[in-house]
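> My structure is stored as query_32.tsv, with TSV, C-alpha atoms.
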```
chain	number	residue	atom	x	y	z
T	1	MET	CA	66.96	39.02	156.91
T	2	SER	CA	70.30	37.29	157.30
T	3	THR	CA	73.42	39.02	158.53
T	4	ILE	CA	75.09	38.37	155.17
T	5	LYS	CA	72.25	40.12	153.29
T	6	LEU	CA	72.35	43.08	155.66
T	7	LEU	CA	76.10	43.36	155.22
T	8	PHE	CA	75.69	43.22	151.43
T	9	LEU	CA	73.05	45.95	151.40
T	10	PHE	CA	75.10	48.15	153.73
T	11	THR	CA	78.16	47.72	151.50
T	12	PHE	CA	76.12	48.36	148.34
T	13	PHE	CA	74.49	51.59	149.54
T	14	SER	CA	77.73	52.78	151.11
T	15	SER	CA	79.47	52.40	147.77
T	16	LEU	CA	76.73	54.42	146.09
T	17	ILE	CA	77.06	57.22	148.61
T	18	LEU	CA	80.82	57.21	148.45
T	19	GLY	CA	80.70	57.12	144.65
T	20	TYR	CA	78.41	60.17	144.64
T	21	GLU	CA	80.76	62.09	146.90
T	22	ASP	CA	83.73	61.11	144.76
T	23	GLY	CA	81.82	62.35	141.73
T	24	ILE	CA	81.30	65.72	143.34
T	25	SER	CA	84.93	66.06	144.36
T	26	GLY	CA	85.95	65.18	140.80
T	27	LYS	CA	83.75	67.81	139.14
T	28	TYR	CA	83.92	70.66	141.62
T	29	PRO	CA	84.86	73.35	142.28
T	30	ILE	CA	84.36	75.27	139.04
T	31	VAL	CA	84.44	78.99	138.24
T	32	VAL	CA	82.96	80.43	135.04
T	33	SER	CA	82.93	84.11	134.08
T	34	THR	CA	82.00	86.26	131.12
T	35	TRP	CA	84.97	87.69	129.19
T	36	PRO	CA	88.73	87.08	129.65
T	37	PHE	CA	88.69	88.50	133.18
T	38	VAL	CA	91.44	86.08	134.15
T	39	GLU	CA	92.53	87.72	137.41
T	40	ALA	CA	88.95	87.84	138.65
T	41	VAL	CA	88.52	84.12	137.97
T	42	ARG	CA	91.82	83.38	139.71
T	43	ALA	CA	90.65	85.33	142.78
T	44	ALA	CA	87.39	83.36	142.87
T	45	TRP	CA	89.28	80.10	142.39
T	46	ARG	CA	91.67	80.80	145.28
T	47	ALA	CA	88.68	81.25	147.56
T	48	VAL	CA	86.65	78.26	146.43
T	49	ASP	CA	89.67	75.96	146.19
T	50	ALA	CA	90.51	76.86	149.80
T	51	GLY	CA	87.11	75.61	150.88
T	52	PHE	CA	85.12	78.84	150.96
T	53	SER	CA	81.51	78.85	149.77
T	54	ALA	CA	80.33	79.66	146.28
T	55	VAL	CA	78.92	82.96	147.56
T	56	ASP	CA	82.29	83.88	149.11
T	57	ALA	CA	84.09	83.02	145.88
T	58	VAL	CA	81.72	85.07	143.73
T	59	VAL	CA	82.29	88.08	145.98
T	60	GLU	CA	86.07	87.66	145.80
T	61	GLY	CA	86.04	87.28	142.04
T	62	CYS	CA	83.75	90.20	141.26
T	63	SER	CA	85.52	92.39	143.84
T	64	ALA	CA	88.83	91.71	142.10
T	65	CYS	CA	87.29	92.86	138.82
T	66	GLU	CA	85.91	96.00	140.47
T	67	ASP	CA	89.34	96.80	141.94
T	68	LEU	CA	91.04	96.17	138.58
T	69	ARG	CA	88.37	98.19	136.77
T	70	CYS	CA	88.09	95.41	134.21
T	71	ASP	CA	88.00	96.98	130.74
T	72	GLY	CA	86.67	100.20	132.31
T	73	THR	CA	83.17	98.71	132.47
T	74	VAL	CA	83.34	97.20	135.97
T	75	GLY	CA	83.92	99.15	139.18
T	76	PRO	CA	84.69	102.86	139.47
T	77	GLY	CA	86.31	105.08	136.88
T	78	GLY	CA	84.43	104.09	133.74
T	79	SER	CA	81.22	104.31	131.69
T	80	PRO	CA	80.23	107.92	132.47
T	81	ASP	CA	76.56	108.80	132.14
T	82	GLU	CA	75.28	111.93	130.40
T	83	ASN	CA	76.35	114.00	133.40
T	84	GLY	CA	79.83	112.47	133.44
T	85	GLU	CA	79.14	110.41	136.58
T	86	THR	CA	79.95	106.75	137.15
T	87	THR	CA	77.41	104.64	139.05
T	88	ILE	CA	77.38	100.97	140.01
T	89	ASP	CA	74.96	98.07	139.43
T	90	ALA	CA	75.56	94.68	141.07
T	91	LEU	CA	73.78	91.48	142.03
T	92	ILE	CA	74.50	88.28	143.94
T	93	MET	CA	72.34	85.16	144.13
T	94	ASN	CA	72.62	82.13	146.38
T	95	GLY	CA	71.44	79.08	144.45
T	96	VAL	CA	70.85	77.10	147.64
T	97	THR	CA	68.37	79.49	149.26
T	98	MET	CA	67.37	81.48	146.13
T	99	GLU	CA	68.15	84.63	148.11
T	100	ILE	CA	69.22	87.65	146.09
T	101	GLY	CA	70.80	90.99	146.95
T	102	ALA	CA	71.27	93.80	144.45
T	103	VAL	CA	72.07	97.49	144.14
T	104	ALA	CA	71.36	99.74	141.17
T	105	ALA	CA	72.44	103.22	140.07
T	106	MET	CA	74.49	103.32	143.29
T	107	ARG	CA	76.51	106.51	143.68
T	108	TYR	CA	79.64	107.23	145.74
T	109	VAL	CA	80.37	103.59	146.72
T	110	LYS	CA	82.75	101.51	144.60
T	111	ASP	CA	82.17	98.06	146.13
T	112	GLY	CA	79.12	96.94	144.20
T	113	ILE	CA	79.21	93.19	144.83
T	114	ARG	CA	79.89	93.62	148.56
T	115	ALA	CA	76.99	96.06	148.80
T	116	ALA	CA	74.76	93.53	147.04
T	117	ARG	CA	75.80	90.84	149.52
T	118	LEU	CA	74.93	93.15	152.41
T	119	VAL	CA	71.44	93.60	150.95
T	120	MET	CA	71.06	89.82	150.67
T	121	GLU	CA	72.36	88.95	154.12
T	122	HIS	CA	71.13	91.86	156.25
T	123	THR	CA	67.77	92.88	154.78
T	124	LYS	CA	64.56	91.19	153.70
T	125	HIS	CA	64.68	93.14	150.43
T	126	THR	CA	66.13	92.17	147.07
T	127	LEU	CA	67.12	95.48	145.44
T	128	LEU	CA	68.16	98.92	146.72
T	129	VAL	CA	68.73	101.84	144.36
T	130	GLY	CA	70.38	105.24	143.99
T	131	GLU	CA	71.63	107.34	146.86
T	132	LYS	CA	69.61	105.31	149.37
T	133	ALA	CA	71.59	102.24	148.32
T	134	SER	CA	74.77	104.27	148.84
T	135	ALA	CA	73.65	105.37	152.31
T	136	PHE	CA	72.82	101.76	153.22
T	137	ALA	CA	76.20	100.47	152.02
T	138	ILE	CA	78.13	103.15	153.93
T	139	ALA	CA	76.06	102.59	157.07
T	140	MET	CA	76.90	98.88	156.84
T	141	GLY	CA	80.62	99.63	156.78
T	142	LEU	CA	81.68	99.96	153.16
T	143	PRO	CA	84.01	102.86	152.24
T	144	GLY	CA	82.40	106.07	151.01
T	145	PRO	CA	81.22	108.47	149.94
T	146	SER	CA	83.82	108.85	147.18
T	147	ASN	CA	83.99	110.17	143.65
T	148	LEU	CA	83.66	107.20	141.28
T	149	SER	CA	84.82	109.14	138.22
T	150	SER	CA	88.37	108.99	136.90
T	151	THR	CA	90.55	111.16	134.70
T	152	GLU	CA	89.87	108.75	131.84
T	153	SER	CA	86.10	108.73	132.30
T	154	ILE	CA	85.91	112.52	132.44
T	155	GLU	CA	88.08	112.78	129.31
T	156	THR	CA	85.78	110.33	127.53
T	157	TRP	CA	82.76	112.33	128.61
T	158	ASN	CA	84.25	115.64	127.46
T	159	LYS	CA	84.99	114.20	124.00
T	160	TRP	CA	81.42	112.95	123.80
T	161	LYS	CA	80.10	116.41	124.64
T	162	GLU	CA	82.33	117.93	121.97
T	163	ASN	CA	80.80	115.48	119.50
T	164	GLY	CA	77.32	116.85	120.12
T	165	CYS	CA	76.48	114.19	122.72
T	166	GLN	CA	76.46	111.48	120.06
T	167	PRO	CA	75.66	108.63	120.24
T	168	ASN	CA	73.05	108.67	122.98
T	169	PHE	CA	70.04	106.71	124.18
T	170	TRP	CA	67.26	109.17	123.38
T	171	LYS	CA	64.62	108.62	120.70
T	172	ASN	CA	61.64	110.57	119.35
T	173	VAL	CA	62.99	113.80	120.85
T	174	ILE	CA	64.38	117.14	119.78
T	175	PRO	CA	67.10	118.22	119.30
T	176	LEU	CA	67.95	115.18	117.19
T	177	ASN	CA	71.68	115.72	116.74
T	178	GLY	CA	72.71	117.78	119.74
T	179	CYS	CA	72.94	117.85	123.49
T	180	GLY	CA	69.88	118.35	125.67
T	181	PRO	CA	67.71	119.33	127.31
T	182	TYR	CA	65.48	117.11	125.19
T	183	HIS	CA	61.78	117.41	124.52
T	184	PRO	CA	59.28	115.05	122.90
T	185	LYS	CA	58.74	115.45	119.19
T	186	SER	CA	55.45	116.76	117.84
T	187	ALA	CA	52.55	114.37	118.26
T	188	ASN	CA	52.55	114.04	114.45
T	189	GLY	CA	54.76	110.99	114.82
T	190	PHE	CA	52.10	109.13	116.80
T	191	SER	CA	48.89	107.47	115.82
T	192	GLU	CA	45.58	107.89	117.60
T	193	GLY	CA	45.90	106.40	121.06
T	194	GLY	CA	49.55	107.41	121.44
T	195	TYR	CA	51.27	104.46	119.75
T	196	SER	CA	54.31	105.11	117.61
T	197	LYS	CA	53.55	104.62	113.92
T	198	ALA	CA	57.01	103.14	113.45
T	199	ASN	CA	56.40	100.55	116.16
T	200	LEU	CA	52.97	99.66	114.74
T	201	MET	CA	54.69	98.98	111.42
T	202	GLY	CA	57.21	96.66	113.11
T	203	VAL	CA	60.18	98.98	112.64
T	204	ILE	CA	62.95	98.23	115.16
T	205	GLU	CA	65.55	100.90	115.76
T	206	SER	CA	69.20	99.96	115.29
T	207	ARG	CA	71.17	99.89	118.56
T	208	SER	CA	74.51	98.50	117.40
T	209	SER	CA	76.29	101.87	117.71
T	210	HIS	CA	75.65	101.92	121.47
T	211	PHE	CA	77.15	98.59	122.46
T	212	GLY	CA	80.50	97.04	121.71
T	213	LEU	CA	83.24	95.06	123.38
T	214	HIS	CA	84.45	97.97	125.50
T	215	SER	CA	81.25	99.96	125.96
T	216	HIS	CA	79.44	97.38	128.04
T	217	ASP	CA	81.11	94.12	129.04
T	218	THR	CA	79.68	93.16	132.42
T	219	ILE	CA	81.35	90.57	134.61
T	220	SER	CA	78.86	87.84	135.35
T	221	MET	CA	80.37	84.98	137.35
T	222	ALA	CA	79.10	81.55	138.36
T	223	VAL	CA	80.76	79.34	140.97
T	224	ILE	CA	80.06	75.77	142.07
T	225	ASP	CA	81.91	75.05	145.30
T	226	LYS	CA	83.32	71.80	146.71
T	227	MET	CA	79.95	70.94	148.25
T	228	GLY	CA	78.26	71.32	144.88
T	229	HIS	CA	76.49	74.54	145.85
T	230	VAL	CA	75.92	77.23	143.23
T	231	ALA	CA	76.07	81.02	143.35
T	232	VAL	CA	76.25	83.79	140.77
T	233	GLY	CA	77.18	87.46	140.82
T	234	THR	CA	77.22	90.41	138.45
T	235	SER	CA	78.94	93.79	138.60
T	236	THR	CA	79.00	96.64	136.10
T	237	ASN	CA	79.10	100.41	135.83
T	238	GLY	CA	76.52	100.23	133.07
T	239	ALA	CA	76.24	101.58	129.56
T	240	THR	CA	78.50	104.46	128.57
T	241	PHE	CA	76.61	107.78	128.15
T	242	LYS	CA	73.41	106.32	129.61
T	243	ILE	CA	70.64	108.66	130.70
T	244	PRO	CA	71.15	109.34	134.44
T	245	GLY	CA	69.02	106.98	136.51
T	246	ARG	CA	69.13	104.19	133.94
T	247	VAL	CA	69.33	100.68	135.35
T	248	GLY	CA	70.36	97.87	133.04
T	249	ASP	CA	70.13	94.13	133.42
T	250	GLY	CA	73.07	93.89	135.85
T	251	PRO	CA	71.01	93.94	139.07
T	252	ILE	CA	68.02	92.10	137.58
T	253	ALA	CA	67.81	88.45	138.64
T	254	GLY	CA	67.14	86.14	135.73
T	255	SER	CA	68.54	88.60	133.24
T	256	SER	CA	72.23	89.19	134.02
T	257	SER	CA	72.55	85.97	136.01
T	258	TYR	CA	70.61	83.20	137.70
T	259	ALA	CA	71.44	80.16	139.82
T	260	ASP	CA	69.62	77.13	141.12
T	261	ASP	CA	71.42	74.52	143.19
T	262	GLU	CA	69.38	71.76	141.55
T	263	VAL	CA	70.30	72.73	138.00
T	264	GLY	CA	73.26	75.07	137.48
T	265	ALA	CA	73.81	78.70	136.58
T	266	CYS	CA	73.94	81.31	133.83
T	267	GLY	CA	75.63	84.68	133.29
T	268	ALA	CA	74.91	87.29	130.62
T	269	THR	CA	76.48	90.39	129.10
T	270	GLY	CA	75.53	92.85	126.37
T	271	ASP	CA	72.69	95.25	125.66
T	272	GLY	CA	70.95	95.02	129.00
T	273	ASP	CA	68.02	97.22	128.01
T	274	ILE	CA	67.03	94.61	125.45
T	275	MET	CA	68.14	91.48	127.31
T	276	MET	CA	66.25	92.26	130.51
T	277	ARG	CA	63.00	92.08	128.53
T	278	PHE	CA	63.62	88.37	127.95
T	279	LEU	CA	65.24	87.20	131.23
T	280	PRO	CA	67.71	85.03	129.26
T	281	CYS	CA	69.49	83.52	132.26
T	282	TYR	CA	66.24	82.39	133.83
T	283	GLN	CA	65.37	80.87	130.47
T	284	VAL	CA	68.73	79.08	130.28
T	285	VAL	CA	68.45	77.58	133.75
T	286	GLU	CA	64.87	76.46	133.20
T	287	SER	CA	65.82	74.89	129.85
T	288	MET	CA	68.62	72.96	131.57
T	289	ARG	CA	66.15	71.88	134.26
T	290	LEU	CA	64.08	70.30	131.50
T	291	GLY	CA	67.10	68.35	130.30
T	292	MET	CA	68.59	70.66	127.67
T	293	GLU	CA	72.39	70.71	127.46
T	294	PRO	CA	74.08	74.07	128.28
T	295	LYS	CA	75.07	74.71	124.64
T	296	LEU	CA	71.51	74.31	123.35
T	297	ALA	CA	70.02	76.17	126.31
T	298	ALA	CA	72.34	79.12	125.70
T	299	LYS	CA	71.65	79.17	121.95
T	300	ASP	CA	67.92	78.97	122.50
T	301	ALA	CA	67.90	81.93	124.91
T	302	ILE	CA	69.94	84.09	122.54
T	303	SER	CA	67.89	83.14	119.48
T	304	ARG	CA	64.67	84.17	121.24
T	305	ILE	CA	66.06	87.70	121.59
T	306	ALA	CA	67.57	87.82	118.10
T	307	ARG	CA	64.25	86.94	116.48
T	308	LYS	CA	62.68	90.06	117.95
T	309	PHE	CA	65.77	92.31	117.89
T	310	PRO	CA	68.07	91.12	115.07
T	311	ASP	CA	70.47	94.01	115.65
T	312	PHE	CA	71.01	93.39	119.37
T	313	VAL	CA	74.42	92.58	120.84
T	314	GLY	CA	74.75	90.11	123.70
T	315	ALA	CA	75.88	86.75	125.04
T	316	VAL	CA	75.20	84.18	127.74
T	317	VAL	CA	77.34	81.48	129.35
T	318	ALA	CA	75.80	78.45	131.02
T	319	VAL	CA	77.10	75.74	133.35
T	320	ASN	CA	75.15	72.75	134.65
T	321	LYS	CA	75.57	70.66	137.78
T	322	ASN	CA	77.70	68.19	135.83
T	323	GLY	CA	80.25	70.93	135.22
T	324	VAL	CA	79.44	71.15	131.51
T	325	HIS	CA	79.71	74.74	130.24
T	326	ALA	CA	78.94	76.54	126.98
T	327	GLY	CA	78.28	79.99	125.60
T	328	ALA	CA	76.20	81.60	122.85
T	329	CYS	CA	76.25	85.10	121.40
T	330	HIS	CA	74.78	87.44	118.81
T	331	GLY	CA	76.26	90.52	117.16
T	332	TRP	CA	79.81	90.07	118.43
T	333	THR	CA	82.46	87.45	119.20
T	334	PHE	CA	82.17	86.44	122.83
T	335	GLN	CA	84.75	85.00	125.20
T	336	TYR	CA	84.33	83.45	128.62
T	337	SER	CA	86.77	82.16	131.23
T	338	VAL	CA	86.80	78.86	133.13
T	339	ARG	CA	88.84	77.33	135.97
T	340	THR	CA	88.36	73.72	137.07
T	341	LEU	CA	90.33	71.04	138.88
T	342	GLU	CA	91.41	69.62	135.52
T	343	LEU	CA	92.88	72.93	134.36
T	344	GLU	CA	96.21	74.22	135.65
T	345	ASP	CA	95.09	77.81	135.16
T	346	VAL	CA	92.21	79.82	133.74
T	347	GLU	CA	91.24	78.88	130.19
T	348	VAL	CA	89.49	81.32	127.85
T	349	PHE	CA	86.89	79.97	125.41
T	350	THR	CA	85.86	81.83	122.26
T	351	VAL	CA	82.29	81.72	120.94
T	352	LEU	CA	81.45	82.92	117.42
T	353	PRO	CA	78.10	84.51	116.59
```
Show how you would write the structure in this file as structure tokens.

Amino acid sequence: MSTIKLLFLFTFFSSLILGYEDGISGKYPIVVSTWPFVEAVRAAWRAVDAGFSAVDAVVEGCSACEDLRCDGTVGPGGSPDENGETTIDALIMNGVTMEIGAVAAMRYVKDGIRAARLVMEHTKHTLLVGEKASAFAIAMGLPGPSNLSSTESIETWNKWKENGCQPNFWKNVIPLNGCGPYHPKSANGFSEGGYSKANLMGVIESRSSHFGLHSHDTISMAVIDKMGHVAVGTSTNGATFKIPGRVGDGPIAGSSSYADDEVGACGATGDGDIMMRFLPCYQVVESMRLGMEPKLAAKDAISRIARKFPDFVGAVVAVNKNGVHAGACHGWTFQYSVRTLELEDVEVFTVLP
């Protein structure tokens, strides 16, 4: 092969490589988060724009939300359970390695996302729960133990008690309209074999009274860094007045969030008890892998849930490796926040049901 041909091929392939790199630098970094948690997105952006990894940026962003107690549903001081206690659920996922760290029903430690990262980076496990998660986090250097309740959360809990512990998350129990202890109803409500007659008839209980904009609005954040690597993270103090020990979708990979470096990422918020049955974020990412645009992938995941639970409340936000983002929701108006190189500051997008 002649020298001229070799020089041409070298120049051609070099331009392709350089063009690819230029494409990455033009699209990335990008930060996407559920809800108008603007300060959290700014914190993540400062980290990723300074050259830190997507994982670092997710931790900074979710930590900022925990410190700010975003809407009372992230970090300490909000969403008391039936005993008046606040507990923490959190997850982080590295889309490069597919490693995940998560904590659930964690007591006495406020730094949920940092505890989740410690699980991911210093254990071979994926999820730690309860007081053992707290002990692990403290042993690894996080502050604690501390009381995660606040004056506001205790006041909210007291008012709920005065209202006969209504609404709550119990069903098929007595007393029906009072505080516990609760006991199963008579077996008269069940068919032979133990199946609920209502469920056999296809009756789905309404859940809309339990979830609203300020009763459960998880932060779920996705970041694509300057290298094009993807990470996601979720942090929440769960559903208000939940039964103690309840774990929602926050620390469940594929439900509250999911990331794959080859495809993109997804974050979710809403009625986690319902959403975790469908793994909507895994569905979104896999739909995008098959070529579906983020908007259609998000709508498809939400519609799958709505067909089975028409009264559910929830939303997802998706972003692909091209930096295209979109959201979908059901039962409420959803907002999500974005920061990119093209934007001078965080922009909030509104999605109608």
> Dump as a tab-separated table the rows for residues of stretch 142-177 of chain T within 7 Å of stretch 98-122 of chain T: closest atom pair and distance in Å with one decimal, all atoms listed in the file counted, ordered by chain and rising residue number.

```
residue	atom	partner	partner_atom	distance
T:Pro143	CA	T:Val109	CA	6.7
T:Gly144	CA	T:Val109	CA	5.4
T:Pro145	CA	T:Tyr108	CA	4.7
T:Ser146	CA	T:Tyr108	CA	4.7
T:Asn147	CA	T:Tyr108	CA	5.7
T:Leu148	CA	T:Tyr108	CA	6.0
```
> Tell me which of T:Phe312, T:Tyr182, T:Phe169, T:Phe278 sits closest to T:His330, counting all atoms listed in the file.
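Under the stated criterion, the closest residue is T:Phe312.
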> Just checking: using only C-alpha atoms, which residue out of T:Val74, T:Ile243, T:Cys281, T:Met276 ends up closest to T:Ala222?
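Smallest separation from T:Ala222 among the options: T:Cys281.
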> Enter the distance from atom CA of T:Ser53 to atom CA of T:Gly238, in Å, rounded to one decimal.
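About the pair atom CA of T:Ser53 and atom CA of T:Gly238: they are 27.6 Å apart.
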> Pick out the closest residue to T:Lys242 from this set: T:Cys165, T:Val41, T:Val230, T:Val48. Count all atoms listed in the file.
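Between T:Cys165, T:Val41, T:Val230, T:Val48, the residue approaching T:Lys242 most closely is T:Cys165.
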> Any idea what's packed within 7 Å of T:Gly267, counting only C-alpha atoms, ignoring anything in its chain fewer than 5 positions away? Could you give it as an MDAnalysis selection string?
chainID T and resid 34 220:222 256:258 281 316:318
> Report as a tab-separated table the residues of stretch 240-279 of chain T within 12 Å of stretch 284-304 of chain T, each with its shortest atom pair and distance in Å (one decimal), using all atoms listed in the file, ordered by chain and increasing residue number.

```
residue	atom	partner	partner_atom	distance
T:Ala253	CA	T:Val285	CA	11.9
T:Gly254	CA	T:Val285	CA	8.9
T:Ser255	CA	T:Val284	CA	10.0
T:Ser256	CA	T:Val284	CA	11.3
T:Ser257	CA	T:Val285	CA	9.6
T:Tyr258	CA	T:Val285	CA	7.2
T:Ala259	CA	T:Val285	CA	7.2
T:Asp260	CA	T:Val285	CA	7.5
T:Asp261	CA	T:Val285	CA	10.4
T:Glu262	CA	T:Arg289	CA	8.0
T:Val263	CA	T:Arg289	CA	5.7
T:Gly264	CA	T:Val285	CA	6.6
T:Ala265	CA	T:Val285	CA	6.2
T:Cys266	CA	T:Val285	CA	6.6
T:Gly267	CA	T:Val284	CA	9.4
T:Ala268	CA	T:Ala298	CA	9.9
T:Thr269	CA	T:Ile302	CA	11.2
T:Gly270	CA	T:Ile302	CA	11.1
T:Asp271	CA	T:Ile302	CA	11.9
T:Ile274	CA	T:Ile302	CA	11.3
T:Met275	CA	T:Ile302	CA	9.0
T:Met276	CA	T:Ala301	CA	11.9
T:Arg277	CA	T:Arg304	CA	10.9
T:Phe278	CA	T:Arg304	CA	8.0
T:Leu279	CA	T:Ala301	CA	8.6
```
> Hey, could you patch up stretch 44-52 of chain T with all heavy atoms and hand it over as a JSON list (two decimals), in the coordinates of the input?

```json
[["chain", "number", "residue", "atom", "x", "y", "z"],
["T", 44, "ALA", "N", 88.50, 84.21, 142.47],
["T", 44, "ALA", "CA", 87.39, 83.36, 142.87],
["T", 44, "ALA", "C", 87.88, 81.93, 143.11],
["T", 44, "ALA", "O", 87.45, 81.27, 144.08],
["T", 44, "ALA", "CB", 86.30, 83.37, 141.81],
["T", 45, "TRP", "N", 88.77, 81.46, 142.25],
["T", 45, "TRP", "CA", 89.28, 80.10, 142.39],
["T", 45, "TRP", "C", 90.07, 79.92, 143.69],
["T", 45, "TRP", "O", 89.92, 78.90, 144.37],
["T", 45, "TRP", "CB", 90.16, 79.73, 141.20],
["T", 45, "TRP", "CG", 90.73, 78.35, 141.32],
["T", 45, "TRP", "CD1", 91.98, 77.99, 141.72],
["T", 45, "TRP", "CD2", 90.04, 77.13, 141.08],
["T", 45, "TRP", "NE1", 92.13, 76.64, 141.75],
["T", 45, "TRP", "CE2", 90.94, 76.08, 141.36],
["T", 45, "TRP", "CE3", 88.74, 76.82, 140.66],
["T", 45, "TRP", "CZ2", 90.59, 74.74, 141.23],
["T", 45, "TRP", "CZ3", 88.38, 75.48, 140.53],
["T", 45, "TRP", "CH2", 89.30, 74.46, 140.81],
["T", 46, "ARG", "N", 90.90, 80.90, 144.03],
["T", 46, "ARG", "CA", 91.67, 80.80, 145.28],
["T", 46, "ARG", "C", 90.73, 80.62, 146.46],
["T", 46, "ARG", "O", 90.99, 79.84, 147.39],
["T", 46, "ARG", "CB", 92.55, 82.04, 145.46],
["T", 46, "ARG", "CG", 93.77, 82.06, 144.56],
["T", 46, "ARG", "CD", 94.75, 83.14, 144.99],
["T", 46, "ARG", "NE", 94.22, 84.49, 144.83],
["T", 46, "ARG", "CZ", 94.34, 85.22, 143.73],
["T", 46, "ARG", "NH1", 94.98, 84.71, 142.67],
["T", 46, "ARG", "NH2", 93.85, 86.43, 143.66],
["T", 47, "ALA", "N", 89.63, 81.34, 146.45],
["T", 47, "ALA", "CA", 88.68, 81.25, 147.56],
["T", 47, "ALA", "C", 87.97, 79.91, 147.58],
["T", 47, "ALA", "O", 87.92, 79.22, 148.61],
["T", 47, "ALA", "CB", 87.66, 82.38, 147.46],
["T", 48, "VAL", "N", 87.43, 79.49, 146.45],
["T", 48, "VAL", "CA", 86.65, 78.26, 146.43],
["T", 48, "VAL", "C", 87.54, 77.03, 146.58],
["T", 48, "VAL", "O", 87.15, 76.04, 147.22],
["T", 48, "VAL", "CB", 85.79, 78.19, 145.15],
["T", 48, "VAL", "CG1", 86.61, 77.86, 143.91],
["T", 48, "VAL", "CG2", 84.64, 77.19, 145.32],
["T", 49, "ASP", "N", 88.75, 77.09, 146.06],
["T", 49, "ASP", "CA", 89.67, 75.96, 146.19],
["T", 49, "ASP", "C", 90.16, 75.81, 147.63],
["T", 49, "ASP", "O", 90.52, 74.71, 148.06],
["T", 49, "ASP", "CB", 90.87, 76.16, 145.25],
["T", 49, "ASP", "CG", 91.72, 74.91, 145.14],
["T", 49, "ASP", "OD1", 91.16, 73.82, 144.99],
["T", 49, "ASP", "OD2", 92.97, 75.03, 145.20],
["T", 50, "ALA", "N", 90.12, 76.91, 148.38],
["T", 50, "ALA", "CA", 90.51, 76.86, 149.80],
["T", 50, "ALA", "C", 89.37, 76.40, 150.70],
["T", 50, "ALA", "O", 89.54, 76.32, 151.92],
["T", 50, "ALA", "CB", 91.00, 78.24, 150.24],
["T", 51, "GLY", "N", 88.22, 76.13, 150.11],
["T", 51, "GLY", "CA", 87.11, 75.61, 150.88],
["T", 51, "GLY", "C", 86.02, 76.61, 151.21],
["T", 51, "GLY", "O", 85.06, 76.28, 151.91],
["T", 52, "PHE", "N", 86.16, 77.85, 150.71],
["T", 52, "PHE", "CA", 85.12, 78.84, 150.96],
["T", 52, "PHE", "C", 83.89, 78.54, 150.10],
["T", 52, "PHE", "O", 83.96, 77.81, 149.11],
["T", 52, "PHE", "CB", 85.65, 80.24, 150.68],
["T", 52, "PHE", "CG", 86.62, 80.74, 151.71],
["T", 52, "PHE", "CD1", 87.98, 80.52, 151.56],
["T", 52, "PHE", "CD2", 86.17, 81.40, 152.84],
["T", 52, "PHE", "CE1", 88.89, 80.97, 152.50],
["T", 52, "PHE", "CE2", 87.06, 81.85, 153.80],
["T", 52, "PHE", "CZ", 88.43, 81.63, 153.64]]
```
